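*Asks:* Contents of data26.json (JSON, C-alpha atoms):
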[["chain", "number", "residue", "atom", "x", "y", "z"],
["A", 1, "MET", "CA", 0.00, 0.00, 0.00],
["A", 2, "GLU", "CA", 2.97, 2.36, 0.51],
["A", 3, "ASN", "CA", 3.84, 2.06, -3.17],
["A", 4, "GLN", "CA", 0.30, 2.90, -4.32],
["A", 5, "THR", "CA", -0.85, 6.48, -4.04],
["A", 6, "LEU", "CA", -2.52, 9.23, -6.00],
["A", 7, "THR", "CA", 0.44, 11.10, -7.45],
["A", 8, "ALA", "CA", 0.54, 14.89, -7.27],
["A", 9, "GLU", "CA", 1.81, 15.28, -10.82],
["A", 10, "PHE", "CA", 2.94, 13.49, -13.97],
["A", 11, "LEU", "CA", 5.95, 14.24, -16.12],
["A", 12, "LEU", "CA", 5.35, 14.48, -19.88],
["A", 13, "LEU", "CA", 8.61, 13.52, -21.58],
["A", 14, "GLY", "CA", 7.54, 15.17, -24.84],
["A", 15, "LEU", "CA", 8.60, 14.52, -28.40],
["A", 16, "SER", "CA", 12.31, 14.92, -27.70],
["A", 17, "GLU", "CA", 14.57, 15.54, -24.73],
["A", 18, "ASP", "CA", 17.33, 17.08, -26.87],
["A", 19, "PRO", "CA", 17.69, 20.77, -25.83],
["A", 20, "ALA", "CA", 18.91, 21.73, -29.29],
["A", 21, "LEU", "CA", 15.66, 20.53, -30.87],
["A", 22, "GLN", "CA", 13.35, 22.45, -28.54],
["A", 23, "PRO", "CA", 13.34, 25.76, -30.52],
["A", 24, "VAL", "CA", 12.73, 23.84, -33.75],
["A", 25, "LEU", "CA", 9.87, 21.88, -32.19],
["A", 26, "PHE", "CA", 8.38, 25.05, -30.73],
["A", 27, "GLY", "CA", 8.37, 26.82, -34.10],
["A", 28, "LEU", "CA", 7.03, 23.77, -35.94],
["A", 29, "LEU", "CA", 4.24, 23.08, -33.42],
["A", 30, "LEU", "CA", 3.23, 26.74, -33.26],
["A", 31, "SER", "CA", 3.06, 26.96, -37.07],
["A", 32, "MET", "CA", 0.98, 23.77, -37.33],
["A", 33, "TYR", "CA", -1.35, 24.96, -34.57],
["A", 34, "LEU", "CA", -1.93, 28.37, -36.19],
["A", 35, "VAL", "CA", -2.56, 26.78, -39.60],
["A", 36, "THR", "CA", -5.01, 24.32, -38.03],
["A", 37, "VAL", "CA", -6.99, 26.95, -36.14],
["A", 38, "LEU", "CA", -7.00, 29.41, -39.05],
["A", 39, "GLY", "CA", -7.97, 26.79, -41.64],
["A", 40, "ASN", "CA", -10.84, 25.39, -39.58],
["A", 41, "LEU", "CA", -12.06, 28.87, -38.63],
["A", 42, "LEU", "CA", -12.19, 29.76, -42.33],
["A", 43, "ILE", "CA", -14.36, 26.69, -42.97],
["A", 44, "ILE", "CA", -16.73, 27.74, -40.16],
["A", 45, "LEU", "CA", -16.78, 31.34, -41.43],
["A", 46, "ALA", "CA", -17.47, 30.28, -45.01],
["A", 47, "VAL", "CA", -20.34, 27.97, -44.02],
["A", 48, "SER", "CA", -21.96, 30.41, -41.57],
["A", 49, "SER", "CA", -21.76, 33.47, -43.86],
["A", 50, "ASP", "CA", -22.93, 31.91, -47.13],
["A", 51, "SER", "CA", -26.59, 30.91, -47.39],
["A", 52, "HIS", "CA", -25.74, 28.60, -50.30],
["A", 53, "LEU", "CA", -23.76, 26.45, -47.85],
["A", 54, "HIS", "CA", -26.59, 26.07, -45.34],
["A", 55, "THR", "CA", -26.98, 22.39, -46.19],
["A", 56, "PRO", "CA", -26.62, 19.27, -44.01],
["A", 57, "MET", "CA", -23.18, 18.35, -45.38],
["A", 58, "TYR", "CA", -21.66, 21.77, -44.66],
["A", 59, "PHE", "CA", -23.44, 22.02, -41.31],
["A", 60, "PHE", "CA", -21.73, 18.81, -40.21],
["A", 61, "LEU", "CA", -18.45, 19.98, -41.74],
["A", 62, "SER", "CA", -18.48, 23.20, -39.69],
["A", 63, "ASN", "CA", -19.07, 21.18, -36.51],
["A", 64, "LEU", "CA", -16.22, 18.85, -37.49],
["A", 65, "SER", "CA", -13.94, 21.88, -37.88],
["A", 66, "LEU", "CA", -15.00, 23.10, -34.44],
["A", 67, "ALA", "CA", -14.18, 19.70, -32.93],
["A", 68, "ASP", "CA", -10.78, 19.71, -34.68],
["A", 69, "ILE", "CA", -9.97, 23.11, -33.17],
["A", 70, "GLY", "CA", -10.99, 21.79, -29.75],
["A", 71, "SER", "CA", -8.90, 18.60, -29.91],
["A", 72, "THR", "CA", -5.79, 20.45, -31.10],
["A", 73, "SER", "CA", -6.23, 23.24, -28.54],
["A", 74, "THR", "CA", -6.40, 20.65, -25.78],
["A", 75, "VAL", "CA", -2.93, 19.30, -26.60],
["A", 76, "VAL", "CA", -0.71, 21.81, -28.40],
["A", 77, "PRO", "CA", -0.83, 24.88, -26.07],
["A", 78, "LYS", "CA", 0.35, 22.75, -23.14],
["A", 79, "MET", "CA", 3.17, 21.35, -25.29],
["A", 80, "LEU", "CA", 4.23, 24.87, -26.27],
["A", 81, "LEU", "CA", 4.10, 26.00, -22.63],
["A", 82, "ASN", "CA", 6.25, 23.06, -21.50],
["A", 83, "ILE", "CA", 8.85, 23.78, -24.19],
["A", 84, "GLN", "CA", 8.91, 27.50, -23.43],
["A", 85, "THR", "CA", 9.17, 27.08, -19.64],
["A", 86, "GLU", "CA", 11.41, 23.98, -19.89],
["A", 87, "SER", "CA", 9.02, 22.18, -17.57],
["A", 88, "LYS", "CA", 7.56, 18.73, -18.14],
["A", 89, "ALA", "CA", 5.24, 18.64, -15.17],
["A", 90, "ILE", "CA", 1.46, 18.42, -15.35],
["A", 91, "SER", "CA", -0.72, 18.03, -12.29],
["A", 92, "TYR", "CA", -2.84, 14.93, -11.69],
["A", 93, "ALA", "CA", -6.04, 16.94, -12.06],
["A", 94, "GLY", "CA", -4.66, 18.74, -15.11],
["A", 95, "CYS", "CA", -3.71, 15.45, -16.75],
["A", 96, "LEU", "CA", -7.17, 13.95, -16.24],
["A", 97, "THR", "CA", -8.77, 17.20, -17.46],
["A", 98, "GLN", "CA", -6.66, 17.18, -20.60],
["A", 99, "ALA", "CA", -7.45, 13.51, -21.21],
["A", 100, "TYR", "CA", -11.18, 14.15, -20.68],
["A", 101, "PHE", "CA", -11.50, 17.05, -23.13],
["A", 102, "PHE", "CA", -9.29, 15.34, -25.71],
["A", 103, "MET", "CA", -11.53, 12.26, -25.56],
["A", 104, "VAL", "CA", -14.63, 14.48, -25.91],
["A", 105, "PHE", "CA", -13.37, 16.14, -29.08],
["A", 106, "VAL", "CA", -11.89, 12.99, -30.63],
["A", 107, "CYS", "CA", -15.10, 11.07, -29.95],
["A", 108, "MET", "CA", -17.02, 14.01, -31.42],
["A", 109, "ASP", "CA", -14.82, 13.79, -34.53],
["A", 110, "ASN", "CA", -15.52, 10.08, -34.72],
["A", 111, "LEU", "CA", -19.28, 10.43, -34.42],
["A", 112, "LEU", "CA", -19.50, 13.39, -36.80],
["A", 113, "LEU", "CA", -17.65, 11.39, -39.44],
["A", 114, "THR", "CA", -20.22, 8.64, -38.89],
["A", 115, "VAL", "CA", -23.09, 11.12, -39.29],
["A", 116, "MET", "CA", -21.46, 12.54, -42.42],
["A", 117, "ALA", "CA", -21.19, 9.03, -43.81],
["A", 118, "TYR", "CA", -24.92, 8.59, -43.19],
["A", 119, "ASP", "CA", -25.53, 11.94, -44.91],
["A", 120, "ARG", "CA", -23.59, 10.75, -47.99],
["A", 121, "TYR", "CA", -25.49, 7.46, -47.87],
["A", 122, "VAL", "CA", -28.85, 9.28, -48.00],
["A", 123, "ALA", "CA", -27.60, 11.63, -50.75],
["A", 124, "ILE", "CA", -26.43, 8.73, -52.93],
["A", 125, "CYS", "CA", -29.02, 6.07, -52.18],
["A", 126, "HIS", "CA", -32.11, 8.28, -51.67],
["A", 127, "PRO", "CA", -31.43, 11.50, -53.63],
["A", 128, "LEU", "CA", -35.10, 12.36, -54.22],
["A", 129, "HIS", "CA", -35.89, 12.24, -50.50],
["A", 130, "TYR", "CA", -32.61, 13.76, -49.31],
["A", 131, "MET", "CA", -33.92, 17.16, -48.16],
["A", 132, "VAL", "CA", -36.93, 15.53, -46.52],
["A", 133, "ILE", "CA", -34.86, 13.00, -44.57],
["A", 134, "MET", "CA", -31.95, 15.32, -43.71],
["A", 135, "ASN", "CA", -34.11, 18.20, -42.49],
["A", 136, "PRO", "CA", -32.64, 20.93, -40.22],
["A", 137, "ARG", "CA", -34.29, 19.51, -37.12],
["A", 138, "LEU", "CA", -32.76, 16.06, -37.66],
["A", 139, "CYS", "CA", -29.33, 17.56, -38.39],
["A", 140, "ALA", "CA", -29.35, 19.58, -35.17],
["A", 141, "LEU", "CA", -30.57, 16.54, -33.24],
["A", 142, "LEU", "CA", -27.77, 14.36, -34.66],
["A", 143, "VAL", "CA", -25.12, 16.89, -33.61],
["A", 144, "LEU", "CA", -26.61, 17.12, -30.11],
["A", 145, "ILE", "CA", -26.62, 13.31, -29.85],
["A", 146, "CYS", "CA", -22.97, 13.25, -30.95],
["A", 147, "LEU", "CA", -22.10, 15.78, -28.25],
["A", 148, "LEU", "CA", -24.02, 13.85, -25.59],
["A", 149, "ILE", "CA", -22.41, 10.53, -26.45],
["A", 150, "SER", "CA", -18.96, 12.11, -26.59],
["A", 151, "THR", "CA", -19.42, 13.72, -23.18],
["A", 152, "VAL", "CA", -20.70, 10.54, -21.56],
["A", 153, "ASP", "CA", -18.01, 8.38, -23.18],
["A", 154, "ALA", "CA", -15.21, 10.68, -21.99],
["A", 155, "LEU", "CA", -16.79, 10.92, -18.53],
["A", 156, "VAL", "CA", -16.95, 7.13, -18.19],
["A", 157, "HIS", "CA", -13.27, 6.81, -19.14],
["A", 158, "THR", "CA", -12.28, 9.56, -16.72],
["A", 159, "LEU", "CA", -14.26, 8.02, -13.85],
["A", 160, "MET", "CA", -12.60, 4.68, -14.60],
["A", 161, "LEU", "CA", -9.21, 6.40, -14.32],
["A", 162, "LEU", "CA", -10.13, 7.81, -10.89],
["A", 163, "ARG", "CA", -10.37, 4.29, -9.44],
["A", 164, "LEU", "CA", -6.76, 3.54, -10.41],
["A", 165, "SER", "CA", -3.77, 4.01, -8.12],
["A", 166, "PHE", "CA", -0.54, 5.43, -9.46],
["A", 167, "CYS", "CA", 3.06, 5.13, -8.35],
["A", 168, "LYS", "CA", 5.24, 8.08, -7.43],
["A", 169, "HIS", "CA", 7.50, 9.92, -9.91],
["A", 170, "LEU", "CA", 5.46, 8.97, -12.92],
["A", 171, "GLN", "CA", 6.97, 9.67, -16.30],
["A", 172, "ILE", "CA", 4.64, 9.48, -19.29],
["A", 173, "PRO", "CA", 6.63, 8.74, -22.46],
["A", 174, "HIS", "CA", 4.34, 10.94, -24.51],
["A", 175, "PHE", "CA", 3.62, 14.59, -25.29],
["A", 176, "PHE", "CA", 0.13, 14.65, -23.74],
["A", 177, "CYS", "CA", -2.00, 12.66, -21.32],
["A", 178, "GLU", "CA", -3.26, 9.96, -23.65],
["A", 179, "LEU", "CA", -5.69, 7.43, -22.19],
["A", 180, "THR", "CA", -3.58, 4.38, -23.04],
["A", 181, "GLN", "CA", -0.44, 5.88, -21.52],
["A", 182, "ILE", "CA", -2.24, 6.82, -18.28],
["A", 183, "ILE", "CA", -3.61, 3.29, -17.91],
["A", 184, "ARG", "CA", -0.11, 1.88, -18.39],
["A", 185, "MET", "CA", 1.16, 4.02, -15.48],
["A", 186, "ALA", "CA", -1.33, 2.48, -13.03],
["A", 187, "CYS", "CA", -0.09, 0.32, -10.21],
["A", 188, "SER", "CA", -3.53, -1.22, -9.68],
["A", 189, "ASP", "CA", -5.49, -3.52, -11.96],
["A", 190, "ALA", "CA", -6.44, -1.75, -15.20],
["A", 191, "LEU", "CA", -8.23, -4.66, -16.87],
["A", 192, "THR", "CA", -11.64, -2.98, -16.68],
["A", 193, "ASN", "CA", -10.27, 0.20, -18.24],
["A", 194, "ASN", "CA", -8.73, -1.74, -21.11],
["A", 195, "ILE", "CA", -12.02, -3.54, -21.72],
["A", 196, "VAL", "CA", -14.01, -0.27, -21.76],
["A", 197, "GLU", "CA", -11.45, 1.36, -24.09],
["A", 198, "PHE", "CA", -11.55, -1.63, -26.45],
["A", 199, "LEU", "CA", -15.36, -1.72, -26.54],
["A", 200, "ALA", "CA", -15.55, 2.04, -27.19],
["A", 201, "THR", "CA", -13.09, 1.73, -30.07],
["A", 202, "ILE", "CA", -15.11, -1.12, -31.58],
["A", 203, "PHE", "CA", -18.44, 0.68, -31.12],
["A", 204, "LEU", "CA", -17.37, 3.94, -32.76],
["A", 205, "GLY", "CA", -17.06, 3.25, -36.47],
["A", 206, "ILE", "CA", -18.54, 3.99, -39.87],
["A", 207, "LEU", "CA", -17.96, 0.73, -41.67],
["A", 208, "PHE", "CA", -21.68, -0.01, -41.98],
["A", 209, "SER", "CA", -22.51, 3.27, -43.75],
["A", 210, "TYR", "CA", -19.80, 2.88, -46.34],
["A", 211, "CYS", "CA", -20.69, -0.74, -46.99],
["A", 212, "LYS", "CA", -24.17, 0.50, -47.84],
["A", 213, "ILE", "CA", -22.77, 3.27, -50.04],
["A", 214, "VAL", "CA", -20.47, 0.94, -51.96],
["A", 215, "SER", "CA", -23.16, -1.67, -52.46],
["A", 216, "SER", "CA", -25.59, 0.99, -53.72],
["A", 217, "VAL", "CA", -23.07, 2.60, -56.06],
["A", 218, "LEU", "CA", -22.08, -0.74, -57.54],
["A", 219, "ARG", "CA", -25.70, -1.25, -58.58],
["A", 220, "VAL", "CA", -25.60, 1.93, -60.71],
["A", 221, "PRO", "CA", -25.55, 0.73, -64.35],
["A", 222, "SER", "CA", -23.40, 3.45, -65.97],
["A", 223, "SER", "CA", -19.73, 4.04, -65.16],
["A", 224, "GLY", "CA", -20.33, 7.80, -65.30],
["A", 225, "GLY", "CA", -23.00, 7.50, -62.64],
["A", 226, "LYS", "CA", -20.64, 5.51, -60.41],
["A", 227, "CYS", "CA", -17.88, 8.11, -60.76],
["A", 228, "LYS", "CA", -20.30, 10.94, -59.95],
["A", 229, "ALA", "CA", -21.63, 9.06, -56.92],
["A", 230, "PHE", "CA", -18.15, 8.36, -55.55],
["A", 231, "SER", "CA", -17.04, 11.96, -56.19],
["A", 232, "THR", "CA", -19.71, 13.24, -53.79],
["A", 233, "CYS", "CA", -18.04, 11.43, -50.90],
["A", 234, "GLY", "CA", -14.40, 11.54, -52.03],
["A", 235, "SER", "CA", -13.30, 14.27, -49.60],
["A", 236, "HIS", "CA", -15.11, 12.65, -46.69],
["A", 237, "LEU", "CA", -13.60, 9.25, -47.50],
["A", 238, "SER", "CA", -10.11, 10.80, -47.59],
["A", 239, "VAL", "CA", -10.60, 12.31, -44.13],
["A", 240, "VAL", "CA", -12.02, 9.03, -42.82],
["A", 241, "CYS", "CA", -9.02, 7.05, -44.07],
["A", 242, "LEU", "CA", -6.62, 9.59, -42.57],
["A", 243, "PHE", "CA", -8.43, 9.78, -39.22],
["A", 244, "TYR", "CA", -9.08, 6.07, -38.70],
["A", 245, "GLY", "CA", -5.77, 5.01, -40.23],
["A", 246, "THR", "CA", -3.71, 7.10, -37.83],
["A", 247, "GLY", "CA", -6.04, 6.37, -34.89],
["A", 248, "LEU", "CA", -5.78, 2.64, -35.50],
["A", 249, "GLY", "CA", -2.03, 2.99, -35.80],
["A", 250, "VAL", "CA", -1.86, 4.62, -32.37],
["A", 251, "TYR", "CA", -3.71, 1.80, -30.62],
["A", 252, "LEU", "CA", -1.86, -0.92, -32.50],
["A", 253, "SER", "CA", 1.51, 0.65, -31.75],
["A", 254, "SER", "CA", 0.52, 1.16, -28.10],
["A", 255, "SER", "CA", -0.63, -2.41, -27.58],
["A", 256, "VAL", "CA", 1.83, -4.30, -29.79],
["A", 257, "SER", "CA", 5.01, -2.26, -30.00],
["A", 258, "THR", "CA", 7.18, -1.51, -26.99],
["A", 259, "SER", "CA", 8.66, 1.59, -28.62],
["A", 260, "SER", "CA", 7.04, 4.75, -27.25],
["A", 261, "ARG", "CA", 8.76, 6.79, -29.98],
["A", 262, "LYS", "CA", 6.80, 5.01, -32.73],
["A", 263, "SER", "CA", 3.56, 5.53, -30.81],
["A", 264, "MET", "CA", 4.29, 9.27, -30.48],
["A", 265, "VAL", "CA", 4.98, 9.66, -34.19],
["A", 266, "VAL", "CA", 1.61, 8.13, -35.05],
["A", 267, "SER", "CA", -0.07, 10.22, -32.33],
["A", 268, "VAL", "CA", 1.31, 13.40, -33.91],
["A", 269, "MET", "CA", -0.45, 12.38, -37.12],
["A", 270, "TYR", "CA", -3.94, 12.13, -35.65],
["A", 271, "THR", "CA", -3.65, 14.88, -33.01],
["A", 272, "MET", "CA", -2.06, 17.60, -35.19],
["A", 273, "VAL", "CA", -1.58, 16.61, -38.82],
["A", 274, "THR", "CA", -5.11, 15.30, -39.47],
["A", 275, "PRO", "CA", -6.93, 18.39, -38.07],
["A", 276, "MET", "CA", -4.52, 20.60, -40.04],
["A", 277, "LEU", "CA", -5.16, 18.77, -43.33],
["A", 278, "ASN", "CA", -8.95, 18.52, -43.03],
["A", 279, "PRO", "CA", -9.66, 22.12, -44.22],
["A", 280, "PHE", "CA", -7.39, 21.63, -47.22],
["A", 281, "ILE", "CA", -8.99, 18.30, -48.14],
["A", 282, "TYR", "CA", -12.50, 19.75, -47.99],
["A", 283, "SER", "CA", -11.72, 23.09, -49.64],
["A", 284, "LEU", "CA", -9.16, 22.47, -52.39],
["A", 285, "ARG", "CA", -11.56, 20.41, -54.49],
["A", 286, "ASN", "CA", -14.72, 22.13, -53.31],
["A", 287, "LYS", "CA", -15.91, 24.96, -55.57],
["A", 288, "ASP", "CA", -18.63, 26.05, -53.14],
["A", 289, "ILE", "CA", -16.13, 26.65, -50.31],
["A", 290, "LYS", "CA", -13.77, 28.48, -52.67],
["A", 291, "LYS", "CA", -16.54, 30.76, -53.93],
["A", 292, "SER", "CA", -17.70, 31.48, -50.40],
["A", 293, "LEU", "CA", -14.19, 32.45, -49.25],
["A", 294, "GLN", "CA", -13.78, 34.57, -52.36],
["A", 295, "ARG", "CA", -17.02, 36.44, -51.55],
["A", 296, "ILE", "CA", -15.65, 37.17, -48.08],
["A", 297, "PHE", "CA", -12.11, 38.27, -48.90],
["A", 298, "PHE", "CA", -12.30, 39.38, -52.55],
["A", 299, "PRO", "CA", -15.87, 40.62, -53.16],
["A", 300, "LYS", "CA", -14.80, 43.07, -55.89],
["A", 301, "ASN", "CA", -13.31, 40.30, -58.03],
["A", 302, "LEU", "CA", -16.60, 38.45, -58.31],
["A", 303, "GLN", "CA", -18.54, 38.85, -61.51],
["A", 304, "PRO", "CA", -22.18, 39.89, -61.00],
["A", 305, "THR", "CA", -24.76, 37.26, -61.82],
["A", 306, "TYR", "CA", -28.10, 38.13, -63.43]]
Could you render the structure from this file as structure tokens?

*Replies:*
Amino acid sequence: MENQTLTAEFLLLGLSEDPALQPVLFGLLLSMYLVTVLGNLLIILAVSSDSHLHTPMYFFLSNLSLADIGSTSTVVPKMLLNIQTESKAISYAGCLTQAYFFMVFVCMDNLLLTVMAYDRYVAICHPLHYMVIMNPRLCALLVLICLLISTVDALVHTLMLLRLSFCKHLQIPHFFCELTQIIRMACSDALTNNIVEFLATIFLGILFSYCKIVSSVLRVPSSGGKCKAFSTCGSHLSVVCLFYGTGLGVYLSSSVSTSSRKSMVVSVMYTMVTPMLNPFIYSLRNKDIKKSLQRIFFPKNLQPTY
């Protein structure tokens, strides 16, 4: 019992312990964070200011951008503060708080991608009834359900962490308080936590929606119709592959590999790189977003329409 206690603080070892790399990491992380926040804010601004974008797909996209800003803001500012102050400490309460909010936003990302997959399924498989099915009331209800599930899921995980005992002088070989890493630091039995984490990972998925989409598209007789159907969900599918690919890599590397460095590299992908790339993926090939941003920043360059 002397070796088991609630520790006062954790130590986040960060991406690198080399002092020479700290200024480089600070500049790189700050640049990525600013690009992420600015890019996602532009998506939200474009959708909210343009009445042509007040559709279910863009409504979900703006909420996804908001969740991306939240997940990145939960992790990166603390990393920047630790580098700037040359301190690796984070309090026990601060670590659990960071883990809670990160799980809320990541789960929100997960569920919103699922809802967006359902939206694409309705648009492709039931185009004539799309606006009737995906009405504004249902869209708002789906987002509220996503938020509720995310909050409850993160709360359950956090409450499960509170029952664990931790040893003194804990060093987390990571750059933020990730759930898997916190469970590994426990001195007490963490079997229940691992089971809950595994079940949550299995439950949150969008495989069913895309199986329906693929099966419906394959029944389209013309090749042109198939290409047009797949093009409507190309951006979403790219984000899904990036999000779930990196997320799956994190859990596989955490459970299979003993190298914490490999786990951190994959974690950087889904905590910082994925939220940064999402605005580019959705806007570069999207004419509606481009036109909306052009109306905001370059209104004089637009040709009048009659």

*Asks:* So how far away is atom CA of A:Ile69 from atom CA of A:Ala46, in Å?

*Replies:*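 Separating atom CA of A:Ala46 from atom CA of A:Ile69 is a distance of 15.7 Å.
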
*Asks:* In terms of the shortest atom-to-atom distance over all atoms listed in the file, which of A:Leu159, A:Phe59, A:Tyr92, A:Leu164 is closest to A:Met134?

*Replies:*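 Among A:Leu159, A:Phe59, A:Tyr92, A:Leu164, it is A:Phe59 that comes nearest to A:Met134.
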
*Asks:* Name the residues, using the chain letters and numbers of the file, that sit within 12 Å of (-12.4, 14.4, -31.0) when counting all atoms listed in the file, and give them as number ranges by chain.

*Replies:* A: 63-75, 99-113, 146-147, 149-151, 153-154, 204, 243-244, 247, 270-272, 274-275

*Asks:* Can you measure atom CA of A:Leu80 to atom CA of A:Leu42 for me? One decimal in Å is fine.

*Replies:*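 Distance reported for this atom pair: 23.5 Å.
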
*Asks:* Could you tell me how far atom CA of A:Val76 lies from atom CA of A:Phe175, in Å and to one decimal?

*Replies:*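 So the two atoms, atom CA of A:Val76 and atom CA of A:Phe175, lie 9.0 Å apart.
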
*Asks:* Would you place a box with edges along x, y and z of the file around all atoms of stretch 170-178 of chain A listed there, add 4 Å to each of its six sides, and report the centre and edge lengths in Å to one decimal, as lines of an AutoDock Vina configuration file?

*Replies:*
center_x = 1.9
center_y = 11.7
center_z = -19.1
size_x = 18.2
size_y = 13.9
size_z = 20.4

*Asks:* Just the residues within 8 Å of stretch 276-286 of chain A, please, counting all atoms listed in the file, with nothing from its chain fewer than 6 positions along; format it as a list in words.

*Replies:*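 So, after excluding close chain neighbours, the residues are Met32, Tyr33, Val35, Thr36, Val37, Gly39, Asn40, Ile43, Ser65, Ser235, His236, Ser238 and Val239 of chain A.
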
*Asks:* With a distance cut-off of 12 Å and only C-alpha atoms, select the neighbouring residues of A:Ala20, excluding the residue or stretch itself and same-chain residues fewer than 5 positions from it, and output the selection as a list in words.

*Replies:*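 In the requested form, the answer reads Leu25, Phe26 and Ile83 of chain A.
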
*Asks:* Tell me which of A:Asp119, A:Glu86, A:Asp288, A:Glu17 sits closest to A:Ser51, counting all atoms listed in the file.

*Replies:*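 Of A:Asp119, A:Glu86, A:Asp288, A:Glu17, the one nearest A:Ser51 is A:Asp288, counting all atoms listed in the file.
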
*Asks:* Counting all atoms listed in the file, write as a ChimeraX atom specification all protein and nucleic acid residues lying at most 12 Å from (11.3, 22.2, -30.0) in the file's frame.

*Replies:* /A:14-31,79-86,175

*Asks:* Closest to A:Leu170 among A:Leu141, A:Val265, A:Cys187, A:Val156, using all atoms listed in the file?

*Replies:* A:Cys187

*Asks:* Which is closer to A:Leu155 than all the others in A:Leu138, A:Ala117, A:Leu96, A:Ile172, using only C-alpha atoms?

*Replies:* A:Leu96

*Asks:* So that I can look at just that part, could you write stretch 62-67 of chain A with all heavy atoms, as a PDB file, in the first residue's frame?

*Replies:*
ATOM      1  N   SER A  62     -18.841  22.105 -40.596  1.00  0.00           N
ATOM      2  CA  SER A  62     -18.477  23.198 -39.687  1.00  0.00           C
ATOM      3  C   SER A  62     -18.341  22.697 -38.254  1.00  0.00           C
ATOM      4  O   SER A  62     -17.460  23.140 -37.512  1.00  0.00           O
ATOM      5  CB  SER A  62     -19.521  24.316 -39.765  1.00  0.00           C
ATOM      6  OG  SER A  62     -20.801  23.857 -39.380  1.00  0.00           O
ATOM      7  N   ASN A  63     -19.193  21.766 -37.853  1.00  0.00           N
ATOM      8  CA  ASN A  63     -19.068  21.181 -36.514  1.00  0.00           C
ATOM      9  C   ASN A  63     -17.819  20.313 -36.401  1.00  0.00           C
ATOM     10  O   ASN A  63     -17.184  20.264 -35.335  1.00  0.00           O
ATOM     11  CB  ASN A  63     -20.315  20.349 -36.189  1.00  0.00           C
ATOM     12  CG  ASN A  63     -21.496  21.195 -35.778  1.00  0.00           C
ATOM     13  OD1 ASN A  63     -21.627  21.599 -34.627  1.00  0.00           O
ATOM     14  ND2 ASN A  63     -22.378  21.488 -36.731  1.00  0.00           N
ATOM     15  N   LEU A  64     -17.460  19.631 -37.484  1.00  0.00           N
ATOM     16  CA  LEU A  64     -16.223  18.849 -37.494  1.00  0.00           C
ATOM     17  C   LEU A  64     -15.012  19.767 -37.339  1.00  0.00           C
ATOM     18  O   LEU A  64     -14.063  19.442 -36.610  1.00  0.00           O
ATOM     19  CB  LEU A  64     -16.124  18.045 -38.794  1.00  0.00           C
ATOM     20  CG  LEU A  64     -14.902  17.141 -38.949  1.00  0.00           C
ATOM     21  CD1 LEU A  64     -14.973  15.972 -37.975  1.00  0.00           C
ATOM     22  CD2 LEU A  64     -14.794  16.621 -40.383  1.00  0.00           C
ATOM     23  N   SER A  65     -15.030  20.910 -38.009  1.00  0.00           N
ATOM     24  CA  SER A  65     -13.943  21.882 -37.884  1.00  0.00           C
ATOM     25  C   SER A  65     -13.843  22.405 -36.458  1.00  0.00           C
ATOM     26  O   SER A  65     -12.740  22.590 -35.919  1.00  0.00           O
ATOM     27  CB  SER A  65     -14.163  23.045 -38.852  1.00  0.00           C
ATOM     28  OG  SER A  65     -14.094  22.613 -40.194  1.00  0.00           O
ATOM     29  N   LEU A  66     -14.991  22.641 -35.829  1.00  0.00           N
ATOM     30  CA  LEU A  66     -15.000  23.102 -34.438  1.00  0.00           C
ATOM     31  C   LEU A  66     -14.403  22.051 -33.507  1.00  0.00           C
ATOM     32  O   LEU A  66     -13.629  22.366 -32.594  1.00  0.00           O
ATOM     33  CB  LEU A  66     -16.430  23.440 -34.020  1.00  0.00           C
ATOM     34  CG  LEU A  66     -16.612  24.142 -32.676  1.00  0.00           C
ATOM     35  CD1 LEU A  66     -15.912  25.489 -32.681  1.00  0.00           C
ATOM     36  CD2 LEU A  66     -18.095  24.322 -32.373  1.00  0.00           C
ATOM     37  N   ALA A  67     -14.736  20.783 -33.740  1.00  0.00           N
ATOM     38  CA  ALA A  67     -14.178  19.698 -32.934  1.00  0.00           C
ATOM     39  C   ALA A  67     -12.678  19.564 -33.157  1.00  0.00           C
ATOM     40  O   ALA A  67     -11.918  19.279 -32.216  1.00  0.00           O
ATOM     41  CB  ALA A  67     -14.883  18.380 -33.267  1.00  0.00           C
TER      42      ALA A  67
END
